[in-house]
Amino acid sequence: MRTAFHLTSGDEDHQNTVLTIAENLSKDETIEMDDIAVVAQAEGIDPVTRDGTHSDTVQELLDSGIAFKACSNTLDMMDLDDGDLVEGVETVSSGASELTRLQEDGYAYLRP
Amino acid sequence: MRTAFHLTSGDEDHQNTVLTIAENLSKDETIEMDDIAVVAQAEGIDPVTRDGTHSDTVQELLDSGIAFKACSNTLDMMDLDDGDLVEGVETVSSGASELTRLQEDGYAYLRP
Amino acid sequence: MRTAFHLTSGDEDHQNTVLTIAENLSKDETIEMDDIAVVAQAEGIDPVTRDGTHSDTVQELLDSGIAFKACSNTLDMMDLDDGDLVEGVETVSSGASELTRLQEDGYAYLRP
């Protein structure tokens, strides 16, 4: 199965909760996950930036096979570009269009 | 494609973020959107009221083709009626039933 | 139709809003609901515990036919077990896997 997480909160504890829930899903042996994606947008963009408080966690989750996608509208608004992102994070035209496409493709949607 | 946004936050900055994300989706040229709806409920009702902080933005988005729907349970609880809403906002029996119907009809769900 | 609510907020007013919206959906005569489930996780676990601020409301909703599911990862992290839950609350391996399965089974997802 496939699941997309929506990361939009600017609260660092909340961001950590979302990342932990995504990690726990990837380790849950009662379900066979084909894909897990985290779409970061608005105030939730910080974890996927190199200097982000939770960037080390994002790097570990990327290495474990979880995909991370950053909203380019948000990057533009915050004067950030690809070079500011944790290596391996993909840029998407907008968080909302990506999450619409993913749900159309059969992904479940979770916004903890 | 079709996407429904769930607007339930009472925080004005958060409300603005939801409206901006809906607007950006409507302008995103990488996706063909047939319908975008915003369902306002609970503390998220303020933007769709005439005196709401973000009522001008809601009017602009309505004019651009985005649908807005207000939960009538919330209106009852807050002693509001149709006349208190921005012109063009539709009333629905409950936010939860409307969002259930929309997802059943193939809408993606986003709760930024 | 079938709808799953995601209860993850630690704010007691917000928790109350989620429970009220679930109850209102069950009473909405414009929609025929076959199943309503509430999945409690992370900081949203308190209402489904015996000593939770909203445990009486959860008991009433359980009695009315709404299902409640508690994330066992959260229970482990908080040193809680089945005996600490309101009677009738089901334990699931993880909130995220359960909500993925429910959406795969055709449940709408709501995260007020």
# chains A, B, ... in the order shown; residues from 1 in each chain; ligands from 1
$ residues_around --residues "region 87-95 of chain C" --least-positions-apart "5" --cutoff "8 Å" --atoms "only C-alpha atoms" --output "list in words"
Asn24, Leu25, Asp28 and Thr30 of chain A; Val39, Ala40, Gln41, Val48, Gln59, Leu62, Ala67, Phe68, Lys69, Ala70, Cys71, Ser72, Asn73, Thr74 and Asp82 of chain C
$ select_by_dssp --residues "region 1-111 of chain B" --states "strand (DSSP E)" --output "MDAnalysis selection string"
chainID B and resid 2:7 35:40 67:71 90:92 108:110
$ interface_residues --of "chain C" --to "chain B" --cutoff "12 Å" --atoms "only C-alpha atoms" --output "ChimeraX atom specification"
/C:1-6,13-14,16-36,103,105-112
$ atom_distance --atom1 "CA of Gly65 (chain A)" --atom2 "CA of Ala37 (chain A)"
9.2 Å
$ select_by_dssp --residues "chain B" --states "alpha helix (DSSP H)" --output "PyMOL selection string"
chain B and resi 12-27+55-63+72-77+95-104
$ atom_distance --atom1 "CA of Val38 (chain B)" --atom2 "CA of Asp79 (chain B)"
21.3 Å
